[in-house]
$ cat protein_25.tsv   # TSV, C-alpha atoms
chain	number	residue	atom	x	y	z
A	16	MET	CA	-209.04	-189.08	132.95
A	17	THR	CA	-212.70	-189.86	132.27
A	18	LYS	CA	-215.82	-188.11	131.02
A	19	THR	CA	-215.46	-184.32	130.74
A	20	LEU	CA	-212.18	-184.12	132.67
A	21	THR	CA	-210.07	-184.82	129.58
A	22	PHE	CA	-211.47	-181.91	127.62
A	23	LYS	CA	-211.55	-179.58	130.63
A	24	VAL	CA	-207.84	-180.13	131.27
A	25	ILE	CA	-207.02	-179.54	127.61
A	26	MET	CA	-209.08	-176.34	127.57
A	27	CYS	CA	-207.51	-175.05	130.80
A	28	LEU	CA	-204.09	-175.44	129.22
A	29	LEU	CA	-205.15	-174.05	125.87
A	30	VAL	CA	-207.07	-170.90	126.87
A	31	PRO	CA	-204.08	-169.05	128.46
A	32	LEU	CA	-202.14	-169.55	125.23
A	33	LEU	CA	-204.98	-168.08	123.22
A	34	LEU	CA	-205.43	-165.10	125.53
A	35	SER	CA	-201.72	-164.31	125.54
A	36	GLY	CA	-201.55	-164.19	121.77
A	37	CYS	CA	-199.06	-167.06	121.50
A	38	LEU	CA	-200.92	-168.39	118.51
A	39	GLY	CA	-200.35	-165.27	116.50
A	40	GLY	CA	-202.66	-162.32	116.60
A	41	GLY	CA	-205.79	-163.48	118.40
A	42	THR	CA	-206.51	-166.87	116.89
A	43	GLU	CA	-210.03	-167.96	117.82
A	44	ILE	CA	-210.52	-171.30	119.53
A	45	ASN	CA	-213.10	-172.22	116.90
A	46	ASP	CA	-210.36	-171.90	114.29
A	47	LEU	CA	-208.30	-174.71	115.81
A	48	GLU	CA	-208.55	-178.49	115.91
A	49	ILE	CA	-206.96	-179.91	119.08
A	50	VAL	CA	-204.80	-182.96	118.31
A	51	VAL	CA	-204.05	-185.55	121.04
A	52	GLY	CA	-202.41	-188.27	118.96
A	53	MET	CA	-200.67	-188.64	115.60
A	54	GLY	CA	-199.71	-191.62	113.45
A	55	VAL	CA	-197.24	-191.84	110.59
A	56	ASP	CA	-197.59	-194.65	108.07
A	57	LYS	CA	-196.97	-195.25	104.38
A	58	ASP	CA	-199.82	-195.11	101.88
A	59	LYS	CA	-199.96	-198.51	100.18
A	60	ASP	CA	-201.10	-197.10	96.83
A	61	THR	CA	-198.89	-194.04	96.39
A	62	GLY	CA	-195.96	-194.73	98.73
A	63	LYS	CA	-196.44	-191.26	100.22
A	64	ILE	CA	-196.71	-190.41	103.91
A	65	LEU	CA	-200.10	-191.36	105.33
A	66	LEU	CA	-200.71	-189.18	108.37
A	67	THR	CA	-203.47	-189.74	110.93
A	68	ALA	CA	-204.39	-187.06	113.47
A	69	GLN	CA	-206.73	-187.75	116.39
A	70	ILE	CA	-208.81	-184.64	116.94
A	71	VAL	CA	-210.93	-183.98	120.02
A	72	ARG	CA	-214.66	-183.57	119.35
A	73	GLU	CA	-215.41	-181.38	122.33
A	74	GLY	CA	-219.17	-181.65	121.87
A	75	GLU	CA	-219.02	-185.41	122.44
A	76	ILE	CA	-216.69	-185.46	125.47
A	77	GLY	CA	-218.61	-187.01	128.37
A	78	SER	CA	-221.72	-187.73	126.29
A	79	ASN	CA	-221.20	-191.51	126.56
A	80	SER	CA	-221.18	-191.38	130.37
A	81	GLY	CA	-217.99	-193.42	130.42
A	82	ASN	CA	-219.51	-196.27	128.37
A	83	GLY	CA	-216.63	-197.02	126.01
A	84	GLY	CA	-218.53	-199.78	124.23
A	85	GLY	CA	-221.69	-197.76	123.54
A	86	GLN	CA	-223.21	-196.83	120.19
A	87	ASN	CA	-223.06	-193.07	120.74
A	88	ALA	CA	-220.88	-190.76	118.70
A	89	LYS	CA	-217.15	-190.95	119.30
A	90	ALA	CA	-215.40	-188.24	121.30
A	91	PHE	CA	-212.65	-188.11	118.67
A	92	TRP	CA	-212.23	-187.75	114.94
A	93	ASN	CA	-209.36	-189.50	113.18
A	94	VAL	CA	-208.46	-187.45	110.13
A	95	THR	CA	-206.11	-188.85	107.48
A	96	ALA	CA	-204.19	-187.21	104.65
A	97	THR	CA	-201.28	-188.08	102.39
A	98	GLY	CA	-198.29	-185.97	101.46
A	99	ASP	CA	-194.67	-186.07	100.41
A	100	THR	CA	-193.73	-185.00	103.95
A	101	ILE	CA	-195.48	-184.84	107.31
A	102	PHE	CA	-195.89	-181.07	107.10
A	103	ASP	CA	-197.33	-181.44	103.60
A	104	ALA	CA	-199.85	-183.98	104.89
A	105	ILE	CA	-200.81	-181.74	107.82
A	106	ARG	CA	-201.61	-178.88	105.46
A	107	GLU	CA	-203.63	-181.26	103.28
A	108	MET	CA	-205.74	-182.08	106.34
A	109	THR	CA	-207.10	-178.55	106.44
A	110	HIS	CA	-209.12	-179.41	103.33
A	111	LYS	CA	-211.02	-181.86	105.54
A	112	THR	CA	-211.05	-180.03	108.87
A	113	GLY	CA	-211.44	-176.47	107.66
A	114	ASN	CA	-209.27	-175.43	110.60
A	115	ARG	CA	-205.60	-175.50	111.48
A	116	LEU	CA	-204.32	-178.37	113.62
A	117	PHE	CA	-203.11	-177.43	117.10
A	118	VAL	CA	-200.54	-180.02	118.26
A	119	SER	CA	-199.37	-178.59	121.58
A	120	HIS	CA	-201.44	-181.22	123.41
A	121	ASN	CA	-200.36	-184.14	121.28
A	122	HIS	CA	-199.46	-187.05	123.61
A	123	VAL	CA	-198.31	-189.82	121.27
A	124	VAL	CA	-196.60	-190.23	117.91
A	125	ILE	CA	-197.04	-193.71	116.43
A	126	TYR	CA	-194.99	-194.96	113.48
A	127	GLY	CA	-195.87	-197.87	111.25
A	128	TYR	CA	-193.60	-200.92	110.98
A	129	ASN	CA	-192.66	-200.16	107.38
A	130	ILE	CA	-191.66	-196.59	108.20
A	131	ALA	CA	-189.61	-197.78	111.18
A	132	GLU	CA	-187.74	-200.37	109.12
A	133	GLU	CA	-186.93	-197.87	106.38
A	134	GLY	CA	-185.74	-195.26	108.89
A	135	LEU	CA	-187.29	-192.57	111.08
A	136	GLN	CA	-184.72	-189.83	110.47
A	137	GLU	CA	-186.66	-187.90	107.84
A	138	HIS	CA	-190.02	-188.61	109.48
A	139	ILE	CA	-189.16	-187.29	112.91
A	140	ASP	CA	-187.76	-183.92	111.86
A	141	PHE	CA	-191.12	-182.14	111.81
A	142	PHE	CA	-191.93	-183.07	115.40
A	143	LEU	CA	-188.63	-181.56	116.56
A	144	ARG	CA	-188.88	-178.35	114.56
A	145	SER	CA	-192.51	-177.53	115.31
A	146	HIS	CA	-192.59	-174.87	118.04
A	147	GLU	CA	-195.99	-176.18	119.18
A	148	MET	CA	-194.99	-179.84	119.45
A	149	ARG	CA	-194.13	-181.12	122.93
A	150	PRO	CA	-190.81	-183.01	123.06
A	151	THR	CA	-192.24	-185.16	125.86
A	152	ALA	CA	-194.78	-186.79	123.53
A	153	PHE	CA	-194.36	-190.56	123.57
A	154	ILE	CA	-193.06	-192.44	120.53
A	155	LEU	CA	-194.34	-195.92	119.62
A	156	ILE	CA	-194.11	-198.44	116.79
A	157	ALA	CA	-197.34	-200.07	115.57
A	158	GLU	CA	-197.39	-203.81	114.89
A	159	CYS	CA	-200.53	-203.28	112.79
A	160	ASP	CA	-201.82	-200.31	110.79
A	161	VAL	CA	-201.37	-197.06	112.69
A	162	SER	CA	-204.95	-196.05	111.92
A	163	ALA	CA	-206.19	-199.23	113.66
A	164	VAL	CA	-204.30	-198.30	116.84
A	165	LEU	CA	-205.71	-194.77	116.92
A	166	ASP	CA	-209.21	-196.04	116.19
A	167	ALA	CA	-209.23	-198.73	118.90
A	168	LYS	CA	-211.83	-197.62	121.44
A	169	PRO	CA	-211.03	-198.86	124.96
A	170	GLU	CA	-213.61	-199.34	127.71
A	171	THR	CA	-212.44	-196.74	130.21
A	172	GLU	CA	-211.16	-193.86	128.06
A	173	GLU	CA	-212.94	-191.76	125.48
A	174	LEU	CA	-209.78	-190.83	123.59
A	175	PRO	CA	-207.57	-193.73	122.39
A	176	ALA	CA	-204.45	-191.54	122.32
A	177	MET	CA	-204.93	-190.60	125.96
A	178	ASN	CA	-205.46	-194.27	126.82
A	179	ILE	CA	-202.14	-195.16	125.16
A	180	ALA	CA	-200.36	-192.42	127.11
A	181	LYS	CA	-201.90	-193.72	130.36
A	182	LEU	CA	-200.87	-197.26	129.45
A	183	LEU	CA	-197.26	-196.18	128.89
A	184	LYS	CA	-197.13	-194.39	132.23
A	185	SER	CA	-198.12	-197.64	133.96
A	186	HIS	CA	-194.91	-199.40	132.88
A	187	GLY	CA	-193.57	-199.47	136.43
A	188	TYR	CA	-196.12	-202.06	137.54
A	189	THR	CA	-194.53	-204.81	135.43
A	190	SER	CA	-191.24	-203.38	134.08
A	191	HIS	CA	-191.97	-205.26	130.84
A	192	PHE	CA	-191.60	-202.08	128.79
A	193	ILE	CA	-190.67	-198.45	129.29
A	194	GLU	CA	-192.03	-195.16	128.05
A	195	VAL	CA	-189.84	-193.35	125.52
A	196	ASN	CA	-190.48	-189.75	124.52
A	197	LEU	CA	-189.30	-187.91	121.42
A	198	LYS	CA	-186.57	-186.07	123.32
A	199	ASP	CA	-185.03	-189.26	124.75
A	200	PHE	CA	-185.31	-191.13	121.45
A	201	ILE	CA	-183.53	-188.36	119.57
A	202	SER	CA	-180.86	-188.19	122.26
A	203	CYS	CA	-180.05	-191.87	121.66
A	204	LEU	CA	-180.32	-191.37	117.91
A	205	MET	CA	-177.63	-188.70	118.07
A	206	SER	CA	-175.32	-190.92	120.13
A	207	PRO	CA	-172.51	-192.48	118.07
A	208	THR	CA	-172.93	-195.82	119.85
A	209	THR	CA	-176.18	-196.19	121.84
A	210	SER	CA	-179.07	-197.85	119.98
A	211	PRO	CA	-182.53	-196.38	120.64
A	212	VAL	CA	-185.53	-198.47	121.65
A	213	ALA	CA	-189.26	-197.71	121.47
A	214	PRO	CA	-192.41	-199.53	122.65
A	215	ILE	CA	-194.31	-201.72	120.20
A	216	VAL	CA	-198.10	-201.31	120.35
A	217	GLU	CA	-200.68	-203.87	119.22
A	218	VAL	CA	-204.47	-204.14	119.12
A	219	THR	CA	-206.53	-207.13	120.20
A	220	PRO	CA	-210.20	-207.14	119.11
A	221	GLY	CA	-212.91	-207.80	121.67
A	222	GLU	CA	-216.69	-208.17	121.62
A	223	GLU	CA	-217.56	-204.54	122.33
A	224	SER	CA	-214.18	-202.84	122.62
A	225	GLU	CA	-210.57	-203.32	121.65
A	226	ASP	CA	-207.54	-203.81	123.87
A	227	ILE	CA	-204.38	-201.84	123.18
A	228	TYR	CA	-201.28	-203.35	124.71
A	229	ILE	CA	-197.49	-203.05	124.60
A	230	SER	CA	-195.96	-206.31	123.32
A	231	GLY	CA	-192.26	-205.43	123.55
A	232	MET	CA	-189.65	-202.91	122.47
A	233	ALA	CA	-188.33	-202.14	119.00
A	234	ILE	CA	-184.54	-201.98	118.60
A	235	PHE	CA	-182.98	-199.44	116.25
A	236	LYS	CA	-179.56	-199.22	114.64
A	237	ASN	CA	-179.08	-195.58	113.73
A	238	ASP	CA	-182.64	-194.71	112.69
A	239	LYS	CA	-183.74	-198.09	111.32
A	240	MET	CA	-185.64	-200.76	113.23
A	241	VAL	CA	-183.57	-203.96	113.15
A	242	GLY	CA	-185.25	-206.18	115.74
A	243	LYS	CA	-187.30	-206.29	118.91
A	244	LEU	CA	-187.18	-207.35	122.53
A	245	ASN	CA	-189.88	-209.48	124.12
A	246	LYS	CA	-191.09	-208.76	127.65
A	247	GLU	CA	-188.44	-210.89	129.35
A	248	GLU	CA	-185.64	-209.36	127.28
A	249	THR	CA	-186.97	-205.87	127.90
A	250	ARG	CA	-186.86	-206.37	131.66
A	251	GLY	CA	-183.31	-207.66	131.24
A	252	LEU	CA	-182.45	-204.33	129.62
A	253	LEU	CA	-184.15	-202.39	132.41
A	254	TRP	CA	-182.26	-204.32	135.13
A	255	VAL	CA	-178.96	-203.12	133.67
A	256	LYS	CA	-180.14	-199.55	133.05
A	257	GLY	CA	-181.42	-199.28	136.63
A	258	LYS	CA	-184.99	-198.57	135.55
A	259	ILE	CA	-186.82	-201.36	137.39
A	260	LYS	CA	-189.56	-199.87	139.56
A	261	SER	CA	-191.72	-202.86	140.39
A	262	GLY	CA	-193.02	-206.03	138.83
A	263	VAL	CA	-193.59	-209.72	139.44
A	264	LEU	CA	-190.85	-212.35	139.27
A	265	LEU	CA	-192.29	-215.80	138.59
A	266	VAL	CA	-189.79	-218.39	139.79
A	267	PRO	CA	-189.99	-222.18	140.12
A	268	SER	CA	-190.30	-223.48	143.66
A	269	PRO	CA	-187.14	-225.10	145.10
A	270	GLY	CA	-188.72	-228.53	144.79
A	271	LYS	CA	-189.99	-227.85	141.23
A	272	GLN	CA	-193.54	-228.49	142.42
A	273	GLY	CA	-195.05	-225.20	141.37
A	274	LYS	CA	-194.52	-221.49	140.83
A	275	ILE	CA	-193.80	-218.67	143.27
A	276	ALA	CA	-194.66	-215.03	142.60
A	277	LEU	CA	-192.28	-212.47	144.09
A	278	GLU	CA	-193.07	-208.77	143.99
A	279	ILE	CA	-190.13	-206.45	143.27
A	280	LEU	CA	-190.01	-203.83	146.02
A	281	GLU	CA	-186.78	-202.04	145.17
A	282	ALA	CA	-183.86	-202.55	142.80
A	283	LYS	CA	-180.53	-200.78	142.58
A	284	THR	CA	-177.99	-201.22	139.80
A	285	LYS	CA	-174.35	-200.24	139.42
A	286	VAL	CA	-172.45	-200.82	136.18
A	287	THR	CA	-168.66	-200.53	136.18
A	288	PRO	CA	-166.80	-200.62	132.84
A	289	LYS	CA	-163.29	-202.05	132.70
A	290	MET	CA	-160.63	-202.33	130.00
A	291	GLU	CA	-158.17	-205.02	131.01
A	292	ASN	CA	-155.63	-206.98	128.94
A	293	GLY	CA	-157.28	-205.98	125.71
A	294	LYS	CA	-160.73	-207.05	126.90
A	295	ILE	CA	-163.77	-204.96	127.70
A	296	VAL	CA	-165.56	-206.10	130.85
A	297	MET	CA	-168.81	-204.70	132.21
A	298	ASP	CA	-169.42	-205.50	135.87
A	299	VAL	CA	-173.15	-205.35	136.61
A	300	ASN	CA	-174.06	-205.37	140.30
A	301	ILE	CA	-177.72	-205.53	141.24
A	302	LYS	CA	-179.35	-205.48	144.65
A	303	VAL	CA	-183.04	-206.32	144.71
A	304	ASP	CA	-185.58	-206.56	147.54
A	305	THR	CA	-188.74	-208.59	147.00
A	306	SER	CA	-191.73	-209.89	148.90
A	307	LEU	CA	-193.42	-213.28	148.69
A	308	ALA	CA	-196.72	-212.36	147.06
A	309	GLU	CA	-198.10	-215.77	146.08
A	310	GLN	CA	-197.11	-219.41	146.03
A	311	ALA	CA	-198.74	-222.05	143.87
A	312	THR	CA	-197.06	-224.97	145.57
A	313	ILE	CA	-197.65	-227.17	148.61
A	314	GLU	CA	-194.04	-226.75	149.72
A	315	ASN	CA	-193.45	-224.93	152.98
A	316	MET	CA	-191.55	-221.81	151.91
A	317	THR	CA	-191.65	-219.94	155.22
A	318	THR	CA	-188.49	-221.48	156.57
A	319	LEU	CA	-184.98	-220.07	156.56
A	320	PRO	CA	-183.70	-222.72	154.10
A	321	GLY	CA	-186.79	-222.10	151.93
A	322	PHE	CA	-186.14	-218.36	151.75
A	323	GLU	CA	-182.47	-218.86	151.01
A	324	LYS	CA	-183.29	-221.20	148.15
A	325	MET	CA	-185.89	-218.79	146.74
A	326	GLN	CA	-183.39	-215.94	146.87
A	327	LYS	CA	-180.84	-217.95	144.91
A	328	ILE	CA	-183.47	-218.95	142.35
A	329	GLN	CA	-184.61	-215.39	141.78
A	330	GLU	CA	-181.00	-214.27	141.38
A	331	GLU	CA	-180.64	-216.80	138.57
A	332	VAL	CA	-183.92	-215.68	136.97
A	333	ILE	CA	-182.70	-212.06	136.92
A	334	LYS	CA	-179.36	-213.10	135.41
A	335	HIS	CA	-181.24	-215.07	132.76
A	336	GLU	CA	-183.34	-212.03	131.81
A	337	ILE	CA	-180.24	-209.85	131.52
A	338	MET	CA	-178.37	-212.39	129.41
A	339	ALA	CA	-181.39	-212.83	127.13
A	340	ALA	CA	-181.34	-209.09	126.37
A	341	PHE	CA	-177.55	-209.05	126.02
A	342	GLU	CA	-177.51	-211.99	123.60
A	343	LYS	CA	-180.19	-210.33	121.45
A	344	SER	CA	-178.21	-207.07	121.36
A	345	LYS	CA	-175.02	-208.92	120.43
A	346	GLU	CA	-176.83	-210.71	117.62
A	347	LEU	CA	-177.94	-207.33	116.23
A	348	LYS	CA	-174.69	-205.52	117.13
A	349	ALA	CA	-176.88	-202.92	118.81
A	350	ASP	CA	-175.64	-201.33	122.03
A	351	ILE	CA	-179.02	-200.85	123.70
A	352	PHE	CA	-177.40	-200.67	127.17
A	353	GLY	CA	-175.22	-197.63	126.44
A	354	PHE	CA	-171.98	-199.45	127.29
A	355	GLY	CA	-170.09	-197.40	124.71
A	356	GLU	CA	-171.06	-194.15	126.41
A	357	MET	CA	-169.88	-195.55	129.77
A	358	LEU	CA	-166.49	-196.49	128.31
A	359	HIS	CA	-166.19	-193.09	126.67
A	360	LYS	CA	-166.66	-191.35	130.01
A	361	LYS	CA	-164.19	-193.52	131.92
A	362	TYR	CA	-161.55	-194.21	129.26
A	363	SER	CA	-161.76	-191.22	126.93
A	364	SER	CA	-158.27	-191.64	125.43
A	365	LYS	CA	-158.61	-195.40	124.88
A	366	TRP	CA	-162.12	-194.94	123.56
A	367	ASN	CA	-160.91	-192.85	120.63
A	368	ALA	CA	-158.94	-195.85	119.39
A	369	ILE	CA	-161.93	-198.22	119.32
A	370	LYS	CA	-165.00	-196.05	118.72
A	371	ASP	CA	-164.96	-196.46	114.93
A	372	ASN	CA	-165.06	-200.25	115.29
A	373	TRP	CA	-167.58	-200.39	118.11
A	374	ASP	CA	-170.12	-202.45	116.17
A	375	ASP	CA	-167.57	-205.24	115.72
A	376	ILE	CA	-166.15	-204.93	119.24
A	377	TYR	CA	-169.49	-204.88	121.06
A	378	PRO	CA	-170.32	-208.61	120.65
A	379	ASP	CA	-167.02	-209.52	122.34
A	380	ILE	CA	-167.81	-207.68	125.58
A	381	VAL	CA	-167.58	-209.80	128.74
A	382	LEU	CA	-170.59	-209.29	131.00
A	383	ASN	CA	-170.10	-210.12	134.69
A	384	ILE	CA	-173.43	-210.15	136.52
A	385	ASP	CA	-173.69	-210.24	140.30
A	386	VAL	CA	-177.19	-210.23	141.80
A	387	LYS	CA	-177.96	-210.04	145.51
A	388	ALA	CA	-181.62	-210.76	146.21
A	389	GLU	CA	-183.33	-210.54	149.56
A	390	ILE	CA	-186.91	-211.42	150.42
A	391	LYS	CA	-187.99	-208.72	152.83
A	392	LYS	CA	-191.44	-209.95	153.77
A	393	ALA	CA	-194.07	-212.60	153.21
A	394	ASP	CA	-197.70	-211.51	152.89
A	395	LEU	CA	-199.40	-214.41	154.62
A	396	LEU	CA	-203.00	-214.92	155.65
A	397	VAL	CA	-201.64	-215.19	159.17
A	398	LYS	CA	-198.90	-212.59	159.52
A	399	ALA	CA	-195.54	-214.11	160.29
A	400	PRO	CA	-192.06	-212.60	160.29
A	401	VAL	CA	-189.59	-213.44	157.56
A	402	PRO	CA	-187.30	-216.22	158.86
A	403	GLY	CA	-183.91	-214.90	159.74
$ encode --input "protein_25.tsv" --output "structure tokens"
Amino acid sequence: MTKTLTFKVIMCLLVPLLLSGCLGGGTEINDLEIVVGMGVDKDKDTGKILLTAQIVREGEIGSNSGNGGGQNAKAFWNVTATGDTIFDAIREMTHKTGNRLFVSHNHVVIYGYNIAEEGLQEHIDFFLRSHEMRPTAFILIAECDVSAVLDAKPETEELPAMNIAKLLKSHGYTSHFIEVNLKDFISCLMSPTTSPVAPIVEVTPGEESEDIYISGMAIFKNDKMVGKLNKEETRGLLWVKGKIKSGVLLVPSPGKQGKIALEILEAKTKVTPKMENGKIVMDVNIKVDTSLAEQATIENMTTLPGFEKMQKIQEEVIKHEIMAAFEKSKELKADIFGFGEMLHKKYSSKWNAIKDNWDDIYPDIVLNIDVKAEIKKADLLVKAPVPG
């Protein structure tokens, strides 16, 4: 959303709540501060919770005419406060705002690295108990200070929190990360075996604006961050979980004379757990359709042998991405794929005998990967059918 649309949408959603009395006895709109993003960090001096809330300044929405790098007043106000708990910090904020925070339109919750490594359990409770908080708000981990992420002003959005939410929703274009909301994160957190993951957000400074980007995924054991996946490893995870929507596969040309870019058109995954002769085997079958989007090589790839070779190469690239993610998860003894849940469903009686030792058993899983890739089309300057 740009210009006044952001605030108009928020107000259209907010006004019916006010008119219906959902906020308790005719609360006036002027008595509320609309929050679109929140950050949880640790105060370096006191060790207390340092909370940042991004509040909409409705009078400034649209005043910059979409110029994100201008010198005009910001369309948001980042308010900070410290407290022993998140709720304590929120109440402390009223000394600065003069009004109560309204979090029903909060889109993102960002945790600092130090908080994530110590454990999110006690710092996520408020967001689940608050009747105003939306469980579909996205959760992220900040590589830098949380306040820096929420203060980074992008070129095309007036509200950084809304820009982050838009960025997360675009994950399907690359499949290098995936959006995770509070509800899904807690669901994994409550699982006795599945390890949650969450996007890692970073800020890159520019001349007139700052770029916010997702650099990978944080891996959790229970509620503590224990490692992270890079982009390649993250896509390996998504192949197995069947969450690949699109993306670009860069593969070496058959003659090793350059690179070929293949666009992922469709991907289907089936995972079959097996318990045989005392071993746990996970059969991963993937079928993927791609198109030849670009070739940076002088080799003639529009021949039947050329396509067959490219298909084999991309199958190996996909296997490599999956194994990269699997090896990282084994190293951390973190079942990010949910294999334990799959075994529980299929072998409930046998599962009871191994569930208490799952962390030690997980690294010994045998992963059988079978990938069938097919190039469906080639987008050429002169249209030509795919050889076949």
$ residues_around --input "protein_25.tsv" --residues "Val124 of chain A" --least-positions-apart "2" --cutoff "9 Å" --atoms "only C-alpha atoms" --output "PyMOL selection string"
chain A and resi 52-55+121-122+126+142+152-156+197
$ closest_residue --input "protein_25.tsv" --among "A:Lys327, A:Lys260, A:His191, A:Lys243" --to "Ile229 of chain A" --atoms "all atoms listed in the file"
A:His191
$ atom_distance --input "protein_25.tsv" --atom1 "atom CA of Lys345 of chain A" --atom2 "atom CA of Tyr377 of chain A"
6.9 Å
$ residues_around --input "protein_25.tsv" --residues "segment 302-307 of chain A" --least-positions-apart "2" --cutoff "10 Å" --atoms "only C-alpha atoms" --output "PyMOL selection string"
chain A and resi 254+259+261-264+275-285+300+309-310+316-317+322+325-326+329-330+333+385-395+401
$ write_last_selection --input "protein_25.tsv" --atoms "C-alpha atoms" --output "PDB file, keeping the file's coordinate frame"
ATOM      1  CA  TRP A 254    -182.260-204.320 135.130  1.00  0.00           C
ATOM      2  CA  ILE A 259    -186.820-201.360 137.390  1.00  0.00           C
ATOM      3  CA  SER A 261    -191.720-202.860 140.390  1.00  0.00           C
ATOM      4  CA  GLY A 262    -193.020-206.030 138.830  1.00  0.00           C
ATOM      5  CA  VAL A 263    -193.590-209.720 139.440  1.00  0.00           C
ATOM      6  CA  LEU A 264    -190.850-212.350 139.270  1.00  0.00           C
ATOM      7  CA  ILE A 275    -193.800-218.670 143.270  1.00  0.00           C
ATOM      8  CA  ALA A 276    -194.660-215.030 142.600  1.00  0.00           C
ATOM      9  CA  LEU A 277    -192.280-212.470 144.090  1.00  0.00           C
ATOM     10  CA  GLU A 278    -193.070-208.770 143.990  1.00  0.00           C
ATOM     11  CA  ILE A 279    -190.130-206.450 143.270  1.00  0.00           C
ATOM     12  CA  LEU A 280    -190.010-203.830 146.020  1.00  0.00           C
ATOM     13  CA  GLU A 281    -186.780-202.040 145.170  1.00  0.00           C
ATOM     14  CA  ALA A 282    -183.860-202.550 142.800  1.00  0.00           C
ATOM     15  CA  LYS A 283    -180.530-200.780 142.580  1.00  0.00           C
ATOM     16  CA  THR A 284    -177.990-201.220 139.800  1.00  0.00           C
ATOM     17  CA  LYS A 285    -174.350-200.240 139.420  1.00  0.00           C
ATOM     18  CA  ASN A 300    -174.060-205.370 140.300  1.00  0.00           C
ATOM     19  CA  GLU A 309    -198.100-215.770 146.080  1.00  0.00           C
ATOM     20  CA  GLN A 310    -197.110-219.410 146.030  1.00  0.00           C
ATOM     21  CA  MET A 316    -191.550-221.810 151.910  1.00  0.00           C
ATOM     22  CA  THR A 317    -191.650-219.940 155.220  1.00  0.00           C
ATOM     23  CA  PHE A 322    -186.140-218.360 151.750  1.00  0.00           C
ATOM     24  CA  MET A 325    -185.890-218.790 146.740  1.00  0.00           C
ATOM     25  CA  GLN A 326    -183.390-215.940 146.870  1.00  0.00           C
ATOM     26  CA  GLN A 329    -184.610-215.390 141.780  1.00  0.00           C
ATOM     27  CA  GLU A 330    -181.000-214.270 141.380  1.00  0.00           C
ATOM     28  CA  ILE A 333    -182.700-212.060 136.920  1.00  0.00           C
ATOM     29  CA  ASP A 385    -173.690-210.240 140.300  1.00  0.00           C
ATOM     30  CA  VAL A 386    -177.190-210.230 141.800  1.00  0.00           C
ATOM     31  CA  LYS A 387    -177.960-210.040 145.510  1.00  0.00           C
ATOM     32  CA  ALA A 388    -181.620-210.760 146.210  1.00  0.00           C
ATOM     33  CA  GLU A 389    -183.330-210.540 149.560  1.00  0.00           C
ATOM     34  CA  ILE A 390    -186.910-211.420 150.420  1.00  0.00           C
ATOM     35  CA  LYS A 391    -187.990-208.720 152.830  1.00  0.00           C
ATOM     36  CA  LYS A 392    -191.440-209.950 153.770  1.00  0.00           C
ATOM     37  CA  ALA A 393    -194.070-212.600 153.210  1.00  0.00           C
ATOM     38  CA  ASP A 394    -197.700-211.510 152.890  1.00  0.00           C
ATOM     39  CA  LEU A 395    -199.400-214.410 154.620  1.00  0.00           C
ATOM     40  CA  VAL A 401    -189.590-213.440 157.560  1.00  0.00           C
TER      41      VAL A 401
END
$ atom_distance --input "protein_25.tsv" --atom1 "atom CA of Val296 of chain A" --atom2 "atom CA of Phe341 of chain A"
13.3 Å
$ atom_distance --input "protein_25.tsv" --atom1 "atom CA of Arg72 of chain A" --atom2 "atom CA of Lys89 of chain A"
7.8 Å
$ closest_atom_pairs --input "protein_25.tsv" --of "segment 166-262 of chain A" --to "segment 370-374 of chain A" --cutoff "12 Å" --atoms "all atoms listed in the file" --output "Markdown table"
| residue | atom | partner | partner_atom | distance |
| --- | --- | --- | --- | --- |
| A:Ser206 | CA | A:Lys370 | CA | 11.6 |
| A:Pro207 | CA | A:Lys370 | CA | 8.3 |
| A:Thr208 | CA | A:Trp373 | CA | 7.2 |
| A:Thr209 | CA | A:Trp373 | CA | 10.3 |
| A:Ser210 | CA | A:Asp374 | CA | 10.8 |
| A:Lys236 | CA | A:Asp374 | CA | 10.1 |
| A:Asn237 | CA | A:Asp374 | CA | 11.6 |
$ write_last_selection --input "protein_25.tsv" --atoms "C-alpha atoms" --output "PDB file, in the frame of the given file"
ATOM      1  CA  SER A 206    -175.320-190.920 120.130  1.00  0.00           C
ATOM      2  CA  PRO A 207    -172.510-192.480 118.070  1.00  0.00           C
ATOM      3  CA  THR A 208    -172.930-195.820 119.850  1.00  0.00           C
ATOM      4  CA  THR A 209    -176.180-196.190 121.840  1.00  0.00           C
ATOM      5  CA  SER A 210    -179.070-197.850 119.980  1.00  0.00           C
ATOM      6  CA  LYS A 236    -179.560-199.220 114.640  1.00  0.00           C
ATOM      7  CA  ASN A 237    -179.080-195.580 113.730  1.00  0.00           C
TER       8      ASN A 237
END
$ residues_around --input "protein_25.tsv" --residues "Ala96 of chain A" --least-positions-apart "6" --cutoff "12 Å" --atoms "only C-alpha atoms" --output "PyMOL selection string"
chain A and resi 53-58+61+63-68+102-112+162
$ closest_residue --input "protein_25.tsv" --among "A:Thr312, A:Ser145, A:Asn292, A:Ser268" --to "Ile328 of chain A" --atoms "only C-alpha atoms"
A:Ser268
